[in-house]
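A.B. asks: Input coords28.cif, format and content: mmCIF, C-alpha atoms (C1' of nucleotides).
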```cif
data_my_file
loop_
_atom_site.label_atom_id
_atom_site.label_comp_id
_atom_site.auth_asym_id
_atom_site.auth_seq_id
_atom_site.Cartn_x
_atom_site.Cartn_y
_atom_site.Cartn_z
CA MET A 106 33.98 0.33 -18.62
CA PRO A 107 33.78 -3.05 -20.38
CA GLU A 108 31.52 -1.41 -22.94
CA VAL A 109 33.87 1.52 -23.28
CA GLU A 110 36.76 -0.87 -23.85
CA ALA A 111 34.75 -2.73 -26.50
CA VAL A 112 33.95 0.56 -28.24
CA CYS A 113 37.63 1.54 -28.23
CA LYS A 114 38.87 -1.79 -29.57
CA LYS A 115 36.40 -1.68 -32.43
CA LEU A 116 37.22 1.94 -33.22
CA ARG A 117 40.96 1.20 -33.24
CA LEU A 118 40.46 -1.60 -35.76
CA GLU A 119 38.17 0.36 -38.02
CA ALA A 120 39.12 4.01 -37.81
CA GLU A 121 42.52 4.60 -36.26
CA GLY A 122 44.71 6.40 -38.77
CA CYS A 123 41.75 7.59 -40.84
CA LEU A 124 41.37 11.09 -42.17
CA ILE A 125 38.37 13.03 -40.95
CA ARG A 126 37.03 15.45 -43.52
CA ARG A 127 34.87 17.27 -41.05
CA ALA A 128 32.70 16.77 -37.96
CA ARG A 129 29.11 17.82 -37.67
CA LEU A 130 27.71 18.58 -34.24
CA LEU A 131 24.00 17.81 -34.32
CA ARG A 132 23.34 18.70 -30.68
CA SER A 133 25.62 21.47 -29.53
CA SER A 134 24.78 21.23 -25.82
CA ILE A 135 26.80 18.03 -25.41
CA ALA A 136 30.07 19.58 -26.59
CA LYS A 137 32.59 21.85 -24.95
CA GLY A 138 35.13 23.70 -27.07
CA ASP A 139 35.23 23.98 -30.86
CA VAL A 140 35.00 20.29 -31.71
CA GLU A 141 34.14 20.90 -35.37
CA GLN A 142 37.11 23.15 -35.90
CA ALA A 143 39.56 20.72 -34.24
CA CYS A 144 38.37 17.83 -36.44
CA ASN A 145 38.54 19.68 -39.73
CA ARG A 146 40.85 17.62 -42.02
CA ALA A 147 42.50 15.96 -39.03
CA THR A 148 43.65 12.36 -38.76
CA LEU A 149 42.44 10.22 -35.89
CA THR A 150 45.88 9.19 -34.72
CA ARG A 151 45.04 7.24 -31.56
CA VAL A 152 42.13 5.95 -29.52
CA GLU A 153 42.88 5.79 -25.80
CA ARG A 154 40.81 4.67 -22.82
CA ARG A 155 41.16 5.72 -19.17
CA GLY A 156 38.47 4.32 -16.90
CA LYS A 157 35.19 5.04 -18.65
CA ASN A 158 36.71 7.90 -20.64
CA ILE A 159 37.65 7.77 -24.31
CA PHE A 160 40.32 10.02 -25.78
CA LEU A 161 40.45 10.55 -29.52
CA HIS A 162 43.84 11.99 -30.41
CA LEU A 163 43.85 14.20 -33.48
CA SER A 164 46.73 15.16 -35.74
CA SER A 165 45.68 18.78 -35.17
CA GLY A 166 47.05 18.40 -31.65
CA GLY A 167 43.65 18.49 -30.00
CA ILE A 168 42.17 15.57 -28.09
CA LEU A 169 38.47 14.77 -27.96
CA HIS A 170 37.44 13.62 -24.51
CA VAL A 171 34.34 11.47 -25.00
CA HIS A 172 32.20 10.17 -22.16
CA LEU A 173 29.35 7.84 -23.12
CA ARG A 174 27.57 8.08 -19.73
CA MET A 175 24.47 5.86 -19.63
CA THR A 176 23.30 5.42 -23.20
CA GLY A 177 26.05 6.75 -25.44
CA ASN A 178 27.68 4.73 -28.20
CA LEU A 179 30.48 5.46 -30.64
CA TYR A 180 30.89 3.40 -33.80
CA VAL A 181 31.72 3.37 -37.49
CA ILE A 182 28.97 3.36 -40.13
CA PRO A 183 29.51 2.51 -43.82
CA ASP A 184 28.21 5.83 -45.18
CA TYR A 185 28.08 9.10 -43.26
CA ARG A 186 25.06 10.25 -45.30
CA PHE A 187 22.78 7.63 -43.83
CA LEU A 188 22.13 8.28 -40.17
CA VAL A 189 19.78 6.25 -38.01
CA GLY A 190 18.75 6.88 -34.42
CA ALA A 191 19.75 9.60 -31.99
CA VAL A 192 23.02 10.70 -33.60
CA ARG A 193 24.52 13.67 -31.75
CA VAL A 194 27.80 13.96 -33.65
CA VAL A 195 28.97 12.55 -36.97
CA TRP A 196 32.54 12.54 -38.20
CA GLU A 197 32.66 12.33 -41.99
CA LEU A 198 35.67 10.26 -43.03
CA ALA A 199 37.57 10.86 -46.26
CA ASP A 200 36.74 7.31 -47.43
CA GLY A 201 33.01 7.99 -47.20
CA ARG A 202 32.40 6.13 -43.94
CA GLY A 203 31.38 7.89 -40.77
CA ILE A 204 31.97 7.70 -37.06
CA VAL A 205 28.82 8.45 -35.09
CA PHE A 206 28.23 9.39 -31.50
CA GLU A 207 24.75 8.13 -30.79
CA ASP A 208 23.06 8.88 -27.50
CA PRO A 209 19.27 8.86 -27.01
CA ARG A 210 19.43 10.40 -23.54
CA ALA A 211 22.04 12.95 -24.55
CA LEU A 212 23.81 12.70 -21.21
CA GLY A 213 27.11 11.86 -22.87
CA ARG A 214 29.70 14.58 -23.32
CA ILE A 215 32.48 15.54 -25.72
CA ALA A 216 35.11 18.10 -24.84
CA LEU A 217 38.08 19.41 -26.76
CA ILE A 218 41.16 19.20 -24.52
CA TYR A 219 44.92 19.21 -24.98
CA ALA A 220 46.19 16.79 -22.34
CA VAL A 221 44.77 13.60 -20.88
CA PRO A 222 43.97 14.13 -17.19
CA GLU A 223 44.91 11.79 -14.32
CA TYR A 224 42.40 9.25 -13.02
CA GLY A 225 42.36 6.52 -10.40
CA ARG A 226 44.04 3.15 -10.86
CA GLU A 227 43.13 0.98 -13.83
CA PRO A 228 41.78 -2.30 -12.42
CA LEU A 229 43.29 -4.27 -15.31
CA ASP A 230 46.71 -2.66 -15.02
CA PRO A 231 49.05 -5.42 -13.73
CA ASP A 232 50.56 -2.82 -11.39
CA PHE A 233 47.25 -2.48 -9.54
CA THR A 234 47.76 -4.36 -6.28
CA ALA A 235 45.81 -5.29 -3.16
CA THR A 236 48.25 -3.24 -1.11
CA GLU A 237 47.41 -0.21 -3.19
CA LEU A 238 43.70 -0.81 -2.70
CA ALA A 239 44.28 -1.16 1.04
CA GLY A 240 46.13 2.14 1.06
CA MET A 241 43.18 3.91 -0.55
CA ALA A 242 40.67 2.18 1.71
CA LYS A 243 42.50 3.17 4.88
CA GLY A 244 40.51 5.70 6.87
CA SER A 245 37.64 5.84 4.35
CA ARG A 246 34.23 5.97 5.98
CA LYS A 247 32.43 5.56 2.69
CA PRO A 248 30.18 2.53 2.21
CA ALA A 249 32.10 -0.03 0.16
CA LYS A 250 29.83 0.31 -2.88
CA LEU A 251 30.25 4.09 -3.06
CA PHE A 252 34.00 3.74 -2.59
CA LEU A 253 34.16 1.46 -5.63
CA LEU A 254 32.19 3.95 -7.72
CA ASP A 255 34.71 6.71 -6.96
CA GLN A 256 36.62 7.12 -10.23
CA ASP A 257 39.52 8.81 -8.46
CA LYS A 258 40.24 5.60 -6.54
CA VAL A 259 39.72 2.70 -8.98
CA ALA A 260 38.80 3.99 -12.43
CA GLY A 261 36.16 2.27 -14.48
CA LEU A 262 33.93 0.43 -12.01
CA GLY A 263 30.28 1.30 -12.53
CA ASN A 264 27.02 0.40 -10.82
CA ILE A 265 26.88 -3.10 -12.28
CA TYR A 266 30.40 -4.35 -11.66
CA ALA A 267 30.79 -2.62 -8.30
CA ALA A 268 27.87 -4.73 -7.08
CA GLU A 269 29.27 -7.85 -8.74
CA ALA A 270 32.74 -7.38 -7.23
CA LEU A 271 31.28 -6.92 -3.74
CA PHE A 272 29.23 -10.07 -4.14
CA ARG A 273 32.27 -12.09 -5.17
CA ALA A 274 34.23 -10.71 -2.24
CA GLY A 275 31.38 -11.36 0.23
CA ILE A 276 31.20 -7.75 1.37
CA ASP A 277 28.01 -5.95 2.42
CA PRO A 278 27.75 -2.86 0.18
CA ARG A 279 26.98 -0.68 3.25
CA ARG A 280 30.11 -1.75 5.08
CA GLN A 281 32.46 1.17 5.79
CA MET A 282 35.46 0.76 3.52
CA GLY A 283 37.99 1.67 6.18
CA THR A 284 36.82 -1.13 8.48
CA LEU A 285 37.78 -3.90 6.07
CA ARG A 286 40.97 -5.72 6.97
CA LYS A 287 43.76 -6.86 4.69
CA PRO A 288 42.61 -10.42 3.90
CA ARG A 289 39.18 -9.15 2.90
CA LEU A 290 40.70 -6.35 0.84
CA GLU A 291 42.87 -8.91 -0.91
CA LYS A 292 39.72 -10.81 -1.72
CA LEU A 293 38.08 -7.64 -2.99
CA HIS A 294 41.10 -6.82 -5.11
CA SER A 295 41.02 -10.18 -6.85
CA ALA A 296 37.23 -9.95 -7.18
CA ILE A 297 37.58 -6.59 -8.96
CA VAL A 298 40.22 -7.95 -11.33
CA ALA A 299 38.26 -11.14 -12.03
CA VAL A 300 34.94 -9.36 -12.57
CA MET A 301 36.39 -6.69 -14.82
CA SER A 302 38.57 -8.93 -16.96
CA GLY A 303 35.68 -11.35 -17.40
CA ALA A 304 33.31 -8.56 -18.34
CA VAL A 305 35.76 -6.97 -20.77
CA GLU A 306 36.01 -10.27 -22.63
CA SER A 307 32.33 -11.17 -22.70
CA VAL A 308 31.13 -7.67 -23.54
CA TYR A 309 33.56 -7.44 -26.45
CA GLU A 310 32.26 -10.72 -27.82
CA LEU A 311 28.64 -9.67 -27.37
CA TYR A 312 29.37 -6.25 -28.82
CA SER A 313 29.86 -7.58 -32.33
CA GLN A 314 26.75 -9.74 -32.23
CA PRO A 315 23.19 -8.69 -32.99
CA GLY A 316 20.76 -7.99 -30.17
CA ASN A 317 20.99 -6.03 -26.99
CA MET A 318 24.43 -6.52 -25.54
CA ILE A 319 23.38 -5.62 -22.01
CA GLU A 320 20.50 -8.06 -22.09
CA ALA A 321 22.91 -10.86 -22.97
CA GLU A 322 25.47 -9.70 -20.42
CA ARG A 323 22.77 -9.72 -17.71
CA GLN A 324 22.62 -13.50 -17.93
CA THR A 325 26.13 -13.65 -16.52
CA LEU A 326 25.52 -11.38 -13.51
CA MET A 327 25.22 -12.73 -9.97
CA VAL A 328 23.21 -9.94 -8.32
CA TYR A 329 22.80 -6.84 -10.47
CA GLY A 330 19.24 -6.41 -11.69
CA ARG A 331 18.10 -9.62 -9.99
CA GLU A 332 16.00 -8.28 -7.11
CA GLY A 333 13.76 -11.00 -5.71
CA GLU A 334 15.38 -13.74 -7.76
CA PRO A 335 17.21 -16.48 -5.87
CA CYS A 336 20.91 -15.95 -5.22
CA ARG A 337 22.87 -18.18 -7.58
CA VAL A 338 24.89 -19.43 -4.60
CA CYS A 339 22.64 -19.62 -1.51
CA GLU A 340 19.12 -19.33 -2.99
CA ARG A 341 18.10 -16.42 -0.76
CA PRO A 342 16.25 -13.70 -2.69
CA VAL A 343 18.56 -10.96 -3.97
CA LYS A 344 17.89 -7.63 -2.22
CA ARG A 345 17.96 -4.10 -3.49
CA LEU A 346 18.72 -0.91 -1.60
CA ALA A 347 19.39 2.69 -2.56
CA GLN A 348 22.79 4.29 -2.00
CA SER A 349 23.14 7.92 -3.02
CA GLY A 350 20.02 7.59 -5.08
CA ARG A 351 21.22 4.55 -7.03
CA SER A 352 20.22 0.92 -6.76
CA THR A 353 22.55 -1.56 -5.13
CA TYR A 354 21.84 -5.26 -5.50
CA TYR A 355 23.27 -7.74 -3.02
CA CYS A 356 22.71 -11.03 -1.25
CA SER A 357 22.22 -10.75 2.52
CA GLY A 358 23.32 -14.35 2.93
CA CYS A 359 26.58 -14.13 1.01
CA GLN A 360 27.60 -10.56 1.84
CA LYS A 361 28.42 -9.58 5.41
"C1'" DT B 138 26.63 12.52 2.18
"C1'" DC B 139 22.30 13.51 0.16
"C1'" DG B 140 19.35 15.22 -3.45
"C1'" DA B 141 18.65 17.51 -7.68
"C1'" DT B 142 20.03 17.97 -12.23
"C1'" DC B 143 21.20 16.92 -16.92
"C1'" DC B 144 17.99 14.03 -20.84
"C1'" DT B 145 15.00 10.43 -23.08
"C1'" DG B 146 13.11 5.89 -23.27
"C1'" DT B 147 10.83 2.02 -21.45
"C1'" DA B 148 8.39 -0.90 -18.22
"C1'" DG B 149 4.66 -1.30 -15.13
"C1'" DC C 207 0.58 8.35 -14.97
"C1'" DT C 208 5.05 6.95 -12.03
"C1'" DA C 209 9.45 4.71 -11.33
"C1'" DC C 210 13.65 3.67 -12.95
"C1'" DA C 211 17.80 3.43 -16.00
"C1'" DG C 212 24.76 1.50 -17.45
"C1'" DG C 213 27.03 8.34 -14.79
"C1'" DA C 214 28.94 12.53 -13.13
"C1'" DT C 215 28.58 17.06 -11.11
"C1'" DC C 216 26.99 20.62 -8.29
"C1'" DG C 217 25.27 22.85 -4.27
"C1'" DA C 218 23.14 22.42 0.29
#
```
Take the structure I supplied and represent it as structure tokens, if you would.
C.D. replies:
Amino acid sequence: MPEVEAVCKKLRLEAEGCLIRRARLLRSSIAKGDVEQACNRATLTRVERRGKNIFLHLSSGGILHVHLRMTGNLYVIPDYRFLVGAVRVVWELADGRGIVFEDPRALGRIALIYAVPEYGREPLDPDFTATELAGMAKGSRKPAKLFLLDQDKVAGLGNIYAAEALFRAGIDPRRQMGTLRKPRLEKLHSAIVAVMSGAVESVYELYSQPGNMIEAERQTLMVYGREGEPCRVCERPVKRLAQSGRSTYYCSGCQK
DNA sequence: TCGATCCTGTAG
DNA sequence: CTACAGGATCGA
């Protein structure tokens, strides 16, 4: 989500209000609906983010729902005729620039829709409270990590920041969500807000700099991707386990 | 609540 | 060669 937010901010600055001459779909399997038709001579009126989802509002009335998944990226290039890398879609702007959807793994998706759907709570929305989190947690038998990945509960937490938030809150990722009591949930709530707002800031800064953004962001992480390395707090080696086929990193000393 | 699937790239 | 990767969805 921090990356998605960075992508949206950049796109708003550079391309909001711009006229799209046409869109070219270079890999049709990633798109649903007639994306090319909807973009034809349409203005990009607004760029909106909900969780990890991007919504590109068009003056034609259509909305492009873009999901970057693992390796997708969306950015403006100076000339739409010069494409580099795994470009799946290019929007040719009237001023000669282009917006590209680049995605080497091609897991990202674009769909033409007409209304923005509902998602879970935005962690950075000031209305998101610990009480609300407690309400969602109540009765849930899901392991805490999987609960945090559920986009219908809190929208935007991914594998990295779910692990980081649990570390900060001192919660074992396998712990059943419904068994956590209020004080601990309050701690988790503030951990989520702190982790996400910090990440949104640092990723946006790194986003405009050369080099691999994720590599730089890794330096700031407490547990994610650090299996075997000493915990930055208690020195115990960071552990890794699989939950629903995905890696979870945690510290057995700090997380109970 | 798993595992497989969608894809490709990279590290070991 | 195998394992793994920031995500979501589907069917068992």
A.B. asks: Near chain A, meaning an atom within 8 Å, which residues of chain B appear when counting only C-alpha atoms (C1' of nucleotides)? Write them as JSON, numbers by chain.
C.D. replies: {"B": [138, 139, 140, 143, 144, 145, 146]}
A.B. asks: Next, write the just-selected residues to a file, as a PDB file, in the frame of the given file, keeping C-alpha atoms (C1' of nucleotides) as the atom set.
C.D. replies:
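Wrote it out as selection-v7.pdb, contents follow:
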```
ATOM      1  C1'  DT B 138      26.630  12.520   2.180  1.00  0.00           C
ATOM      2  C1'  DC B 139      22.300  13.510   0.160  1.00  0.00           C
ATOM      3  C1'  DG B 140      19.350  15.220  -3.450  1.00  0.00           C
ATOM      4  C1'  DC B 143      21.200  16.920 -16.920  1.00  0.00           C
ATOM      5  C1'  DC B 144      17.990  14.030 -20.840  1.00  0.00           C
ATOM      6  C1'  DT B 145      15.000  10.430 -23.080  1.00  0.00           C
ATOM      7  C1'  DG B 146      13.110   5.890 -23.270  1.00  0.00           C
TER       8       DG B 146
END
```
A.B. asks: Taking only C-alpha atoms (C1' of nucleotides) into account, produce a table as a Markdown table in which each residue of chain A with an atom at most 12 Å from an atom of chain C appears once, together with its shortest atom pair and the distance in Å to one decimal, ordered by chain and rising number.
C.D. replies:
```
| residue | atom | partner | partner_atom | distance |
| --- | --- | --- | --- | --- |
| A:Met106 | CA | C:DG212 | C1' | 9.4 |
| A:Pro107 | CA | C:DG212 | C1' | 10.5 |
| A:Glu108 | CA | C:DG212 | C1' | 9.2 |
| A:Val109 | CA | C:DG212 | C1' | 10.8 |
| A:Lys157 | CA | C:DG213 | C1' | 9.6 |
| A:Asn158 | CA | C:DG213 | C1' | 11.3 |
| A:His172 | CA | C:DG213 | C1' | 9.2 |
| A:Leu173 | CA | C:DG213 | C1' | 8.7 |
| A:Arg174 | CA | C:DG213 | C1' | 5.0 |
| A:Met175 | CA | C:DG212 | C1' | 4.9 |
| A:Thr176 | CA | C:DG212 | C1' | 7.1 |
| A:Gly177 | CA | C:DG212 | C1' | 9.6 |
| A:Asn178 | CA | C:DG212 | C1' | 11.6 |
| A:Arg210 | CA | C:DA211 | C1' | 10.4 |
| A:Ala211 | CA | C:DG213 | C1' | 11.9 |
| A:Leu212 | CA | C:DG213 | C1' | 8.4 |
| A:Gly213 | CA | C:DG213 | C1' | 8.8 |
| A:Arg214 | CA | C:DA214 | C1' | 10.4 |
| A:Leu254 | CA | C:DG213 | C1' | 9.8 |
| A:Asp255 | CA | C:DA214 | C1' | 10.3 |
| A:Gln256 | CA | C:DA214 | C1' | 9.8 |
| A:Gly261 | CA | C:DG213 | C1' | 11.0 |
| A:Leu262 | CA | C:DG212 | C1' | 10.7 |
| A:Gly263 | CA | C:DG212 | C1' | 7.4 |
| A:Asn264 | CA | C:DG212 | C1' | 7.1 |
| A:Ile265 | CA | C:DG212 | C1' | 7.2 |
| A:Tyr266 | CA | C:DG212 | C1' | 10.0 |
| A:Ala267 | CA | C:DG212 | C1' | 11.7 |
| A:Met318 | CA | C:DG212 | C1' | 11.4 |
| A:Ile319 | CA | C:DG212 | C1' | 8.6 |
| A:Glu320 | CA | C:DG212 | C1' | 11.4 |
| A:Glu322 | CA | C:DG212 | C1' | 11.6 |
| A:Arg323 | CA | C:DG212 | C1' | 11.4 |
| A:Tyr329 | CA | C:DG212 | C1' | 11.1 |
| A:Gly330 | CA | C:DA211 | C1' | 10.8 |
| A:Ala347 | CA | C:DC210 | C1' | 11.9 |
| A:Gly350 | CA | C:DC210 | C1' | 10.9 |
| A:Arg351 | CA | C:DC210 | C1' | 9.7 |
| A:Ser352 | CA | C:DC210 | C1' | 9.4 |
```
A.B. asks: Could you jot down the CA of Leu163 in chain A to CA of Cys144 in chain A separation for me, Å, one decimal place?
C.D. replies: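 Between CA of Leu163 in chain A and CA of Cys144 in chain A the gap works out to 7.2 Å.
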A.B. asks: Go ahead and compute the interatomic distance for CA of Ser164 in chain A and CA of Ile125 in chain A, in Å to one decimal.
C.D. replies: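 Taking CA of Ser164 in chain A and CA of Ile125 in chain A, their separation equals 10.1 Å.
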A.B. asks: Using only C-alpha atoms, which residue out of A:Leu326, A:Ala191, A:Ile182, A:Leu285 lies closest to Ser245 in chain A?
C.D. replies: A:Leu285
A.B. asks: Suppose you want the space between CA of Ala249 in chain A and CA of Ala268 in chain A; what is it in Å?
C.D. replies: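 Atom-to-atom, CA of Ala249 in chain A and CA of Ala268 in chain A are spaced 9.6 Å apart.
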A.B. asks: Choose the residue, out of A:Glu197, A:Asp257, A:Glu207, A:Asp184, that has the smallest atom-to-atom separation from Tyr224 in chain A; count all atoms listed in the file.
C.D. replies: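 Under the stated criterion, the closest residue is A:Asp257.
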A.B. asks: So which residues touch Lys361 in chain A within 10 Å, counting all atoms listed in the file, skipping near sequence neighbours fewer than 3 positions away, as a list in words?
C.D. replies: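 Those residues are Leu271, Phe272, Ala274, Gly275, Ile276, Asp277, Pro278, Arg279, Arg280, Cys356, Ser357 and Gly358 of chain A.
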A.B. asks: As a check of understanding, name the residues that the PyMOL selection byres ((chain A and resi 138) around 9) selects in the supplied structure, as a list in words.
C.D. replies: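 Evaluating the PyMOL selection byres ((chain A and resi 138) around 9) on these coordinates yields Ala136, Lys137, Asp139, Val140, Glu141, Ala143, Ile215, Ala216, Leu217 and Ile218 of chain A.
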A.B. asks: Would you list the contacts of Gly283 in chain A as a list of chain:residue names, taking every protein, DNA or RNA residue within 12 Å and counting all atoms listed in the file, but skipping same-chain residues closer than 2 positions in sequence?
C.D. replies: A:Leu238, A:Ala239, A:Gly240, A:Met241, A:Ala242, A:Lys243, A:Gly244, A:Ser245, A:Arg246, A:Lys247, A:Pro248, A:Ala249, A:Phe252, A:Arg279, A:Arg280, A:Gln281, A:Leu285, A:Arg286, A:Lys287, A:Arg289, A:Leu290
A.B. asks: Give me the residues near Gly122 in chain A as an MDAnalysis selection string, where near means some atom within 8 Å (using only C-alpha atoms (C1' of nucleotides)) and where sequence neighbours in that chain fewer than 5 positions away do not count.
C.D. replies: chainID A and resid 148:151
A.B. asks: Specify as a PDB file with C-alpha atoms, keeping the file's coordinate frame each residue included when the PyMOL selection byres ((chain A and resi 230) around 12) is applied to this file.
C.D. replies:
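Saved result, out_3.pdb, follows:
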```
ATOM      1  CA  ARG A 155      41.160   5.720 -19.170  1.00  0.00           C
ATOM      2  CA  GLY A 156      38.470   4.320 -16.900  1.00  0.00           C
ATOM      3  CA  GLY A 225      42.360   6.520 -10.400  1.00  0.00           C
ATOM      4  CA  ARG A 226      44.040   3.150 -10.860  1.00  0.00           C
ATOM      5  CA  GLU A 227      43.130   0.980 -13.830  1.00  0.00           C
ATOM      6  CA  PRO A 228      41.780  -2.300 -12.420  1.00  0.00           C
ATOM      7  CA  LEU A 229      43.290  -4.270 -15.310  1.00  0.00           C
ATOM      8  CA  PRO A 231      49.050  -5.420 -13.730  1.00  0.00           C
ATOM      9  CA  ASP A 232      50.560  -2.820 -11.390  1.00  0.00           C
ATOM     10  CA  PHE A 233      47.250  -2.480  -9.540  1.00  0.00           C
ATOM     11  CA  THR A 234      47.760  -4.360  -6.280  1.00  0.00           C
ATOM     12  CA  VAL A 259      39.720   2.700  -8.980  1.00  0.00           C
ATOM     13  CA  ALA A 260      38.800   3.990 -12.430  1.00  0.00           C
ATOM     14  CA  GLY A 261      36.160   2.270 -14.480  1.00  0.00           C
ATOM     15  CA  ILE A 297      37.580  -6.590  -8.960  1.00  0.00           C
ATOM     16  CA  VAL A 298      40.220  -7.950 -11.330  1.00  0.00           C
ATOM     17  CA  MET A 301      36.390  -6.690 -14.820  1.00  0.00           C
ATOM     18  CA  SER A 302      38.570  -8.930 -16.960  1.00  0.00           C
TER      19      SER A 302
END
```
A.B. asks: With 3 Å on each side, where is the centre of the axis-aligned box around all listed atoms of range 216-230 of chain A, and how long are its edges in Å to one decimal, as AutoDock Vina command-line options?
C.D. replies:
```
--center_x 40.9 --center_y 7.6 --center_z -18.6 --size_x 17.6 --size_y 29.7 --size_z 22.4
```
A.B. asks: Excluding Arg193 in chain A and any residue of its chain fewer than 5 positions from it, enumerate the residues within 6 Å of it, using only C-alpha atoms (C1' of nucleotides), and give them as a ChimeraX atom specification.
C.D. replies: /A:131-132,206-207
A.B. asks: Generate N, CA, C and O atoms for range 264-275 of chain A and emit them as a tab-separated table (two decimals), in the frame of the given file.
C.D. replies:
```
chain	number	residue	atom	x	y	z
A	264	ASN	N	28.05	0.93	-11.72
A	264	ASN	CA	27.02	0.40	-10.82
A	264	ASN	C	26.89	-1.12	-10.92
A	264	ASN	O	26.67	-1.78	-9.91
A	265	ILE	N	27.02	-1.65	-12.11
A	265	ILE	CA	26.88	-3.10	-12.28
A	265	ILE	C	28.04	-3.85	-11.66
A	265	ILE	O	27.85	-4.70	-10.78
A	266	TYR	N	29.26	-3.54	-12.08
A	266	TYR	CA	30.40	-4.35	-11.66
A	266	TYR	C	30.89	-4.03	-10.26
A	266	TYR	O	31.58	-4.86	-9.65
A	267	ALA	N	30.51	-2.88	-9.71
A	267	ALA	CA	30.79	-2.62	-8.30
A	267	ALA	C	29.99	-3.61	-7.46
A	267	ALA	O	30.52	-4.24	-6.53
A	268	ALA	N	28.72	-3.78	-7.81
A	268	ALA	CA	27.87	-4.73	-7.08
A	268	ALA	C	28.38	-6.16	-7.26
A	268	ALA	O	28.43	-6.94	-6.30
A	269	GLU	N	28.79	-6.50	-8.47
A	269	GLU	CA	29.27	-7.85	-8.74
A	269	GLU	C	30.57	-8.16	-7.99
A	269	GLU	O	30.74	-9.25	-7.45
A	270	ALA	N	31.46	-7.17	-7.93
A	270	ALA	CA	32.74	-7.38	-7.23
A	270	ALA	C	32.49	-7.57	-5.73
A	270	ALA	O	33.12	-8.43	-5.10
A	271	LEU	N	31.57	-6.79	-5.17
A	271	LEU	CA	31.28	-6.92	-3.74
A	271	LEU	C	30.66	-8.27	-3.43
A	271	LEU	O	30.94	-8.88	-2.39
A	272	PHE	N	29.82	-8.74	-4.34
A	272	PHE	CA	29.23	-10.07	-4.14
A	272	PHE	C	30.32	-11.13	-4.10
A	272	PHE	O	30.39	-11.94	-3.19
A	273	ARG	N	31.19	-11.09	-5.09
A	273	ARG	CA	32.27	-12.09	-5.17
A	273	ARG	C	33.18	-12.06	-3.96
A	273	ARG	O	33.74	-13.07	-3.56
A	274	ALA	N	33.34	-10.84	-3.38
A	274	ALA	CA	34.23	-10.71	-2.24
A	274	ALA	C	33.49	-10.93	-0.92
A	274	ALA	O	34.11	-10.91	0.16
A	275	GLY	N	32.16	-11.12	-0.98
A	275	GLY	CA	31.38	-11.36	0.23
A	275	GLY	C	31.29	-10.16	1.15
A	275	GLY	O	31.26	-10.31	2.38
```
